[in-house]
Amino acid sequence: MNLTECYKQFGISEQIVQVADEIESSLEERFRELDRVAEYNQLKVIAAMQKARVSDIHFAGTTGYGYNDLGRDTLEEVYAHAFHGEDALVRPQLISGTHALTVALSGNLRPGDEILSPVGKPYDTLEEVIGIRESTGSLKEFGITYRQVDLLDNGEFDYEGIRNAVNERTKLVEIQRSKGYAVRPTLSVERIGRLIAFIKALKPDVICMVDNCYGEFVETLEPTDVGADMLVGSLIKNPGGGLAPIGGYIVGRRDCIERAACRLTAPGLGKEVGASLGVSQALYQGLFLAPTVVASALKGAVFAANVYERLGFSVVPNGQESRHDIIQSITFGTPKGVIKFCEGIQAAAPVDSFVTPEPWAMPGYDSDVIMAAGAFIQGASIELSADAPIKPPYAVYFQGGLTWYHAKLGILNSLQKLSEAGIVKV
Ligand SMILES: *Cc1c(COP(=O)(O)O)cnc(C)c1O
C-alpha cells in the first residue's frame with residue numbers, strides 16, 4: 001500500500017503528504033481524546049435508543065395527518081433521552097435550524113415579552129426573526145422586544161450588564177453556543193452552565209434557550225445538562241450524522257416543547273400530527289452515527305488549524321485550544337487565498353468535484369460570498385464545506401467532514417492549490 005501514490009492521483013505533491021504526515025503524528029494524543037468523547041457519546045446514543053425500545057417498525061413512515069406516527073414519537077423519545085430533556089420535537093417539518101429557533105421562540109413568547117441575548121449579536125438569520133433588522137412577520141411585529149448584552153473585550157460575560165438588562169418583561173434568554181460567523185470564542189458547556197446559573201439566580205422563571213447548532217456531541221455534556229430549558233439545532237448539521245435529509249430539533253422542558261409544538265402545527269393539535277413521510281430511518285441512523293461523524297469533523301478542524309498555523313496564518317480556534325464546536329476559521333488576508341482554499345475543498349468532494357466555486361452575491365450578505373460544498377444533502381454543513389465572504393480580513397470558515405479521511409483530503413487539496421498559486425510555501 002502506498003498512500004503517497006494515492007494522493008498523487010489527486011494531484012497532491014509528495015512534499016505536502018510528508019508535511020501532513022508529520023503534523024498528523026503530532027496530533028495522536030489529541031485525536032485519541034476526540035475518540036474518547038465520541039465513544040462516550042456513542043454509548044449515550046445507544047443507551048437512549050435501547051431505553052426507547054427502538055425497533056424496525058419505527059422506520060415505517062406515515063402520510064397525511066400523521067396520527068399515531070410511532071416512528072416519529074419514539075424518535076422524539078430517543079432525543080429526549082440522549083439530550084437529557086423531558087420531551088422533544090424532532091421533525092422534518094422543521095425545515096432548518098433557523099426555523100427550529102423561530103418555532104421555539106415564537107411558541108414560547110407572547111406580546112409584551114422581552115428576549116435577552118447575553119452573549120452579543122445572535123446568528124445572522126435570527127436578526128430578521130427577532131426584528132433586529134426589519135422584516136415581515138418578525139417577533140417585533142408581534143410586540144416582542146429584544147435586548148442584548150455584549151461580551152466584554154476579554155471574552156467574559158458582562159455580569160453587571162446582564163444584571164441591569166434583566167427586567168420584569170424578560171421572558172426568554174437566548175444563548176448561542178457556537179461563535180457562528182462572529183469573532184467571539186465559542187462557549188463551552190461549562191461556561192453556559194455558569195451563565196444560566198447567574199441568570200436563574202436573578203430571575204428563576206426565565207426560559208433559558210440555547211442555540212446548539214454545530215455544538216452537538218463535541219463535548220460529553222450538552223447545555224441541557226447544565227440547566228438549559230430548551231436546546232435547538234439543525235439535523236443537517238451535527239445530530240443528523242450526514243444521513244438526515246432535512247429537519248430540526250427542540251429538546252427540553254415539557255411545557256416549552258408543548259408550546260413550540262402548538263406553534264409548529266396548530267393550537268390544539270401540537271405534537272399529535274405531522275407525518276414522518278418515510279424519513280424516520282435516516283434520522284435514527286444519522287443520530288446513531290453522529291458522535292463518530294462529529295469526531296471526524298473535529299479531527300479535520302484540528303488538523304487544518306495545525307497545518308495553517310504552522311504556515312503562519314491566523315487560525316481560530318488555534319491548534320492547541322479545546323473545541324466547543326466544529327467550525328474552523330483561517331485568515332488568508334487576500335481574496336485569492338480564500339478562493340484557492342475553497343477550490344481545494346471542492347475538488348476533494350465525492351459529489352460535484354468537477355465544478356469550480358466562484359464568489360457570488362448572496363441574499364442577506366453585504367459582499368460576494370464563495371462557498372465550497374460537494375454534498376450528498378444540499379447545504380449540509382456537517383459534510384465537508386467551506387465558505388467565505390470576500391471582504392477583509394479574508395477569512396474562510398471551514399467545517400464538517402463525514403469521515404476524517406475526506407476532511408484530510410480536502411485540506412491537502414487546499415494546500416496544493418495554495419502552493420501552486422504561490423500563496424504558501426510548503
Ligand atoms: C447554522 C446555524 C443556524 C441556522 O441554521 P440554518 O439551518 O442554516 O437555518 C443558527 N445558529 C447557528 C449558531 C448556526 O450555526
# chains A, B, ... in the order shown; residues from 1 in each chain; ligands from 1
$ select_by_dssp --residues "segment 227-297 of chain A" --states "alpha helix (DSSP H)" --output "list in words"
Arg254, Asp255, Cys256, Ile257, Glu258, Arg259, Ala260, Ala261, Cys262, Arg263, Leu264, Ser280, Gln281, Ala282, Leu283, Tyr284, Gln285, Gly286, Leu287, Phe288, Leu289, Ala290, Pro291, Thr292, Val293, Val294, Ala295, Ser296 and Ala297 of chain A
$ closest_atom_pairs --of "chain A" --to "ligand 1" --cutoff "6 Å" --atoms "only C-alpha atoms and all ligand atoms" --output "tab-separated table"
residue	atom	partner	partner_atom_place_in_ligand_line	distance
A:Ser96	CA	ligand 1	7 (O)	3.9
A:Gly97	CA	ligand 1	7 (O)	3.4
A:Thr98	CA	ligand 1	9 (O)	3.6
A:Tyr123	CA	ligand 1	11 (N)	5.1
A:Gln176	CA	ligand 1	13 (C)	5.9
A:Ser178	CA	ligand 1	13 (C)	5.0
A:Gly180	CA	ligand 1	13 (C)	4.7
A:Asp211	CA	ligand 1	11 (N)	5.9
A:Cys213	CA	ligand 1	15 (O)	4.7
A:Tyr214	CA	ligand 1	15 (O)	5.7
A:Ser234	CA	ligand 1	7 (O)	5.3
$ write_last_selection --atoms "N, CA, C and O atoms" --output "short mmCIF file (atom, residue, chain, number, x, y, z; two decimals), in the first residue's frame"
data_model
loop_
_atom_site.label_atom_id
_atom_site.label_comp_id
_atom_site.auth_asym_id
_atom_site.auth_seq_id
_atom_site.Cartn_x
_atom_site.Cartn_y
_atom_site.Cartn_z
N SER A 96 -35.19 23.87 8.92
CA SER A 96 -33.79 24.30 9.08
C SER A 96 -33.55 24.69 10.53
O SER A 96 -34.50 24.74 11.33
N GLY A 97 -32.33 25.01 10.84
CA GLY A 97 -32.01 25.48 12.19
C GLY A 97 -32.73 26.79 12.50
O GLY A 97 -33.29 26.96 13.58
N THR A 98 -32.72 27.68 11.54
CA THR A 98 -33.40 28.97 11.73
C THR A 98 -34.88 28.76 12.01
O THR A 98 -35.45 29.40 12.88
N TYR A 123 -26.91 34.81 15.64
CA TYR A 123 -26.66 34.38 14.26
C TYR A 123 -27.43 35.25 13.27
O TYR A 123 -28.58 35.64 13.51
N GLN A 176 -26.34 31.61 22.33
CA GLN A 176 -25.79 30.91 21.17
C GLN A 176 -24.45 30.30 21.55
O GLN A 176 -23.53 30.99 21.94
N SER A 178 -22.27 28.31 19.63
CA SER A 178 -21.20 28.45 18.63
C SER A 178 -20.98 29.92 18.30
O SER A 178 -21.91 30.72 18.31
N GLY A 180 -20.52 30.86 15.45
CA GLY A 180 -21.07 31.08 14.11
C GLY A 180 -20.04 31.79 13.27
O GLY A 180 -18.87 31.40 13.26
N ASP A 211 -29.07 28.00 21.47
CA ASP A 211 -28.89 27.66 20.05
C ASP A 211 -27.67 26.73 20.02
O ASP A 211 -26.55 27.18 20.19
N CYS A 213 -26.56 24.80 17.54
CA CYS A 213 -26.04 24.49 16.20
C CYS A 213 -24.53 24.33 16.20
O CYS A 213 -23.81 25.19 16.72
N TYR A 214 -24.05 23.27 15.60
CA TYR A 214 -22.63 22.92 15.46
C TYR A 214 -21.98 22.44 16.76
O TYR A 214 -20.78 22.11 16.76
N SER A 234 -30.14 21.99 14.15
CA SER A 234 -30.48 21.56 12.79
C SER A 234 -30.02 20.13 12.56
O SER A 234 -28.93 19.74 13.00
#
$ residues_around --residues "segment 30-40 of chain A" --least-positions-apart "2" --cutoff "10 Å" --atoms "only C-alpha atoms" --output "list of chain:residue names"
A:Glu24, A:Ser25, A:Ser26, A:Leu27, A:Glu28, A:Gln42, A:Leu43, A:Lys44, A:Val45, A:Phe217, A:Val218, A:Glu219, A:Thr220, A:Leu221, A:Leu289, A:Ala290, A:Pro291, A:Thr292, A:Val293, A:Val294, A:Ala295, A:Ser296, A:Leu298, A:Lys299, A:Val302, A:Phe303, A:Gln320, A:Ser322, A:Arg323
$ atom_distance --atom1 "atom CA of Phe341 of chain A" --atom2 "atom CA of Ile236 of chain A"
23.1 Å
$ select_by_dssp --residues "segment 224-334 of chain A" --states "strand (DSSP E)" --output "ChimeraX atom specification"
/A:230-234,248-252,314-316,328-331
$ residues_around --residues "Ser55 of chain A" --least-positions-apart "6" --cutoff "10 Å" --atoms "only C-alpha atoms" --output "ChimeraX atom specification"
/A:49,71,74
$ write_last_selection --atoms "N, CA, C and O atoms" --output "PDB file, in the first residue's frame"
ATOM      1  N   MET A  49     -31.462   4.849  22.622  1.00  0.00           N
ATOM      2  CA  MET A  49     -32.254   4.041  21.680  1.00  0.00           C
ATOM      3  C   MET A  49     -32.777   2.779  22.358  1.00  0.00           C
ATOM      4  O   MET A  49     -33.908   2.354  22.122  1.00  0.00           O
ATOM      5  N   GLY A  71     -42.981   5.926  14.774  1.00  0.00           N
ATOM      6  CA  GLY A  71     -41.573   6.219  14.492  1.00  0.00           C
ATOM      7  C   GLY A  71     -41.203   7.627  14.928  1.00  0.00           C
ATOM      8  O   GLY A  71     -40.167   7.849  15.557  1.00  0.00           O
ATOM      9  N   THR A  74     -41.384   7.912  18.857  1.00  0.00           N
ATOM     10  CA  THR A  74     -40.271   7.218  19.519  1.00  0.00           C
ATOM     11  C   THR A  74     -38.956   7.949  19.270  1.00  0.00           C
ATOM     12  O   THR A  74     -38.111   8.030  20.164  1.00  0.00           O
TER      13      THR A  74
END
$ residues_around --residues "segment 395-399 of chain A" --least-positions-apart "3" --cutoff "7 Å" --atoms "only C-alpha atoms" --output "NGL selection string"
:A and (297 or 301 or 326-333 or 338 or 381-382 or 384-388)
$ write_last_selection --atoms "N, CA and C atoms" --output "tab-separated table (two decimals), in the first residue's frame"
chain	number	residue	atom	x	y	z
A	297	ALA	N	-15.17	15.30	11.90
A	297	ALA	CA	-15.15	16.72	11.55
A	297	ALA	C	-14.17	17.47	12.46
A	301	ALA	N	-10.84	19.72	11.63
A	301	ALA	CA	-10.68	21.11	12.09
A	301	ALA	C	-9.36	21.29	12.84
A	326	ILE	N	-17.65	22.70	15.74
A	326	ILE	CA	-16.84	22.08	14.67
A	326	ILE	C	-16.28	23.09	13.68
A	327	ILE	N	-16.50	24.39	13.93
A	327	ILE	CA	-16.07	25.39	12.94
A	327	ILE	C	-14.61	25.79	13.11
A	328	GLN	N	-13.92	25.90	12.00
A	328	GLN	CA	-12.54	26.37	11.99
A	328	GLN	C	-12.44	27.58	11.08
A	329	SER	N	-11.86	28.66	11.57
A	329	SER	CA	-11.64	29.76	10.63
A	329	SER	C	-10.14	29.94	10.40
A	330	ILE	N	-9.81	30.28	9.16
A	330	ILE	CA	-8.42	30.51	8.76
A	330	ILE	C	-8.41	31.85	8.02
A	331	THR	N	-7.55	32.75	8.44
A	331	THR	CA	-7.49	34.06	7.79
A	331	THR	C	-6.34	34.08	6.78
A	332	PHE	N	-6.70	34.29	5.52
A	332	PHE	CA	-5.69	34.30	4.46
A	332	PHE	C	-5.24	35.71	4.10
A	333	GLY	N	-6.09	36.69	4.39
A	333	GLY	CA	-5.70	38.08	4.16
A	333	GLY	C	-5.85	38.57	2.74
A	338	VAL	N	-8.41	32.87	-0.11
A	338	VAL	CA	-9.72	32.32	0.24
A	338	VAL	C	-10.27	31.48	-0.91
A	381	SER	N	-23.96	21.22	6.30
A	381	SER	CA	-22.63	21.69	6.70
A	381	SER	C	-21.98	20.76	7.72
A	382	ILE	N	-22.56	19.58	7.96
A	382	ILE	CA	-21.81	18.52	8.66
A	382	ILE	C	-20.95	17.80	7.62
A	384	LEU	N	-18.19	18.07	4.51
A	384	LEU	CA	-17.03	18.96	4.33
A	384	LEU	C	-17.43	20.17	3.49
A	385	SER	N	-17.27	21.34	4.05
A	385	SER	CA	-17.70	22.55	3.36
A	385	SER	C	-16.89	23.74	3.86
A	386	ALA	N	-16.86	24.77	3.03
A	386	ALA	CA	-16.13	25.98	3.40
A	386	ALA	C	-16.84	27.16	2.77
A	387	ASP	N	-16.88	28.26	3.49
A	387	ASP	CA	-17.43	29.46	2.87
A	387	ASP	C	-16.74	30.69	3.41
A	388	ALA	N	-16.78	31.74	2.60
A	388	ALA	CA	-16.08	32.96	2.99
A	388	ALA	C	-16.70	34.16	2.31
$ residues_around --residues "Phe142 of chain A" --least-positions-apart "4" --cutoff "9 Å" --atoms "only C-alpha atoms" --output "JSON, numbers by chain"
{"A": [110, 111, 112, 137, 138]}
$ write_last_selection --atoms "N, CA, C and O atoms" --output "compact mmCIF listing (two decimals), in the first residue's frame"
# COMPACT_ATOMS: atom_id res chain seq x y z
N ARG A 110 -44.92 35.80 24.14
CA ARG A 110 -46.22 36.44 23.96
C ARG A 110 -46.01 37.95 23.88
O ARG A 110 -44.99 38.45 24.35
N PRO A 111 -46.98 38.68 23.32
CA PRO A 111 -46.83 40.13 23.21
C PRO A 111 -46.47 40.76 24.57
O PRO A 111 -47.02 40.37 25.60
N GLY A 112 -45.50 41.66 24.53
CA GLY A 112 -45.06 42.32 25.77
C GLY A 112 -43.84 41.67 26.39
O GLY A 112 -43.19 42.24 27.24
N GLY A 137 -43.19 39.84 9.50
CA GLY A 137 -43.51 38.71 10.37
C GLY A 137 -42.56 38.53 11.53
O GLY A 137 -42.62 37.52 12.24
N SER A 138 -41.66 39.48 11.75
CA SER A 138 -40.69 39.35 12.85
C SER A 138 -41.40 39.35 14.20
O SER A 138 -42.55 39.78 14.32
$ residues_around --residues "Ser367 of chain A" --least-positions-apart "4" --cutoff "8 Å" --atoms "only C-alpha atoms" --output "JSON list (two decimals) with N, CA and C atoms, in the first residue's frame"
[["chain", "number", "residue", "atom", "x", "y", "z"],
["A", 361, "ALA", "N", -22.87, 37.18, -5.40],
["A", 361, "ALA", "CA", -23.75, 37.92, -4.49],
["A", 361, "ALA", "C", -24.80, 36.98, -3.93],
["A", 362, "MET", "N", -25.01, 37.00, -2.60],
["A", 362, "MET", "CA", -25.99, 36.11, -1.97],
["A", 362, "MET", "C", -26.98, 36.95, -1.16],
["A", 389, "PRO", "N", -16.96, 35.23, 3.07],
["A", 389, "PRO", "CA", -17.33, 36.49, 2.44],
["A", 389, "PRO", "C", -16.07, 37.11, 1.85],
["A", 390, "ILE", "N", -16.18, 37.65, 0.64],
["A", 390, "ILE", "CA", -14.99, 38.25, 0.01],
["A", 390, "ILE", "C", -14.85, 39.68, 0.51],
["A", 391, "LYS", "N", -14.37, 39.79, 1.72],
["A", 391, "LYS", "CA", -14.09, 41.11, 2.32],
["A", 391, "LYS", "C", -13.08, 40.91, 3.44]]
$ closest_residue --among "A:Gly215, A:Gly61, A:Gly270, A:Pro185" --to "Leu89 of chain A" --atoms "only C-alpha atoms"
A:Gly270
$ atom_distance --atom1 "atom CA of Lys417 of chain A" --atom2 "atom CA of Gln18 of chain A"
16.3 Å
$ closest_residue --among "A:Gly240, A:Pro204, A:Pro350, A:Gly161" --to "Ala373 of chain A" --atoms "only C-alpha atoms"
A:Pro350
$ closest_residue --among "A:Asp87, A:Glu77, A:Glu174, A:Asp205" --to "Ala47 of chain A" --atoms "only C-alpha atoms"
A:Glu77
$ closest_residue --among "A:Val226, A:Met371, A:Ile345, A:Ile207" --to "Arg253 of chain A" --atoms "only C-alpha atoms"
A:Ile207
$ atom_distance --atom1 "atom CA of Tyr394 of chain A" --atom2 "atom CA of Gly337 of chain A"
8.0 Å
$ closest_residue --among "A:Glu190, A:Asp150, A:Glu86, A:Asp325" --to "Met230 of chain A" --atoms "only C-alpha atoms"
A:Glu86
$ closest_atom_pairs --of "segment 86-185 of chain A" --to "segment 260-264 of chain A" --cutoff "6 Å" --atoms "only C-alpha atoms" --output "JSON lines"
{"residue": "A:Val103", "atom": "CA", "partner": "A:Ala260", "partner_atom": "CA", "distance": 5.7}
{"residue": "A:Ala104", "atom": "CA", "partner": "A:Ala260", "partner_atom": "CA", "distance": 5.1}
{"residue": "A:Gly107", "atom": "CA", "partner": "A:Ala260", "partner_atom": "CA", "distance": 4.4}
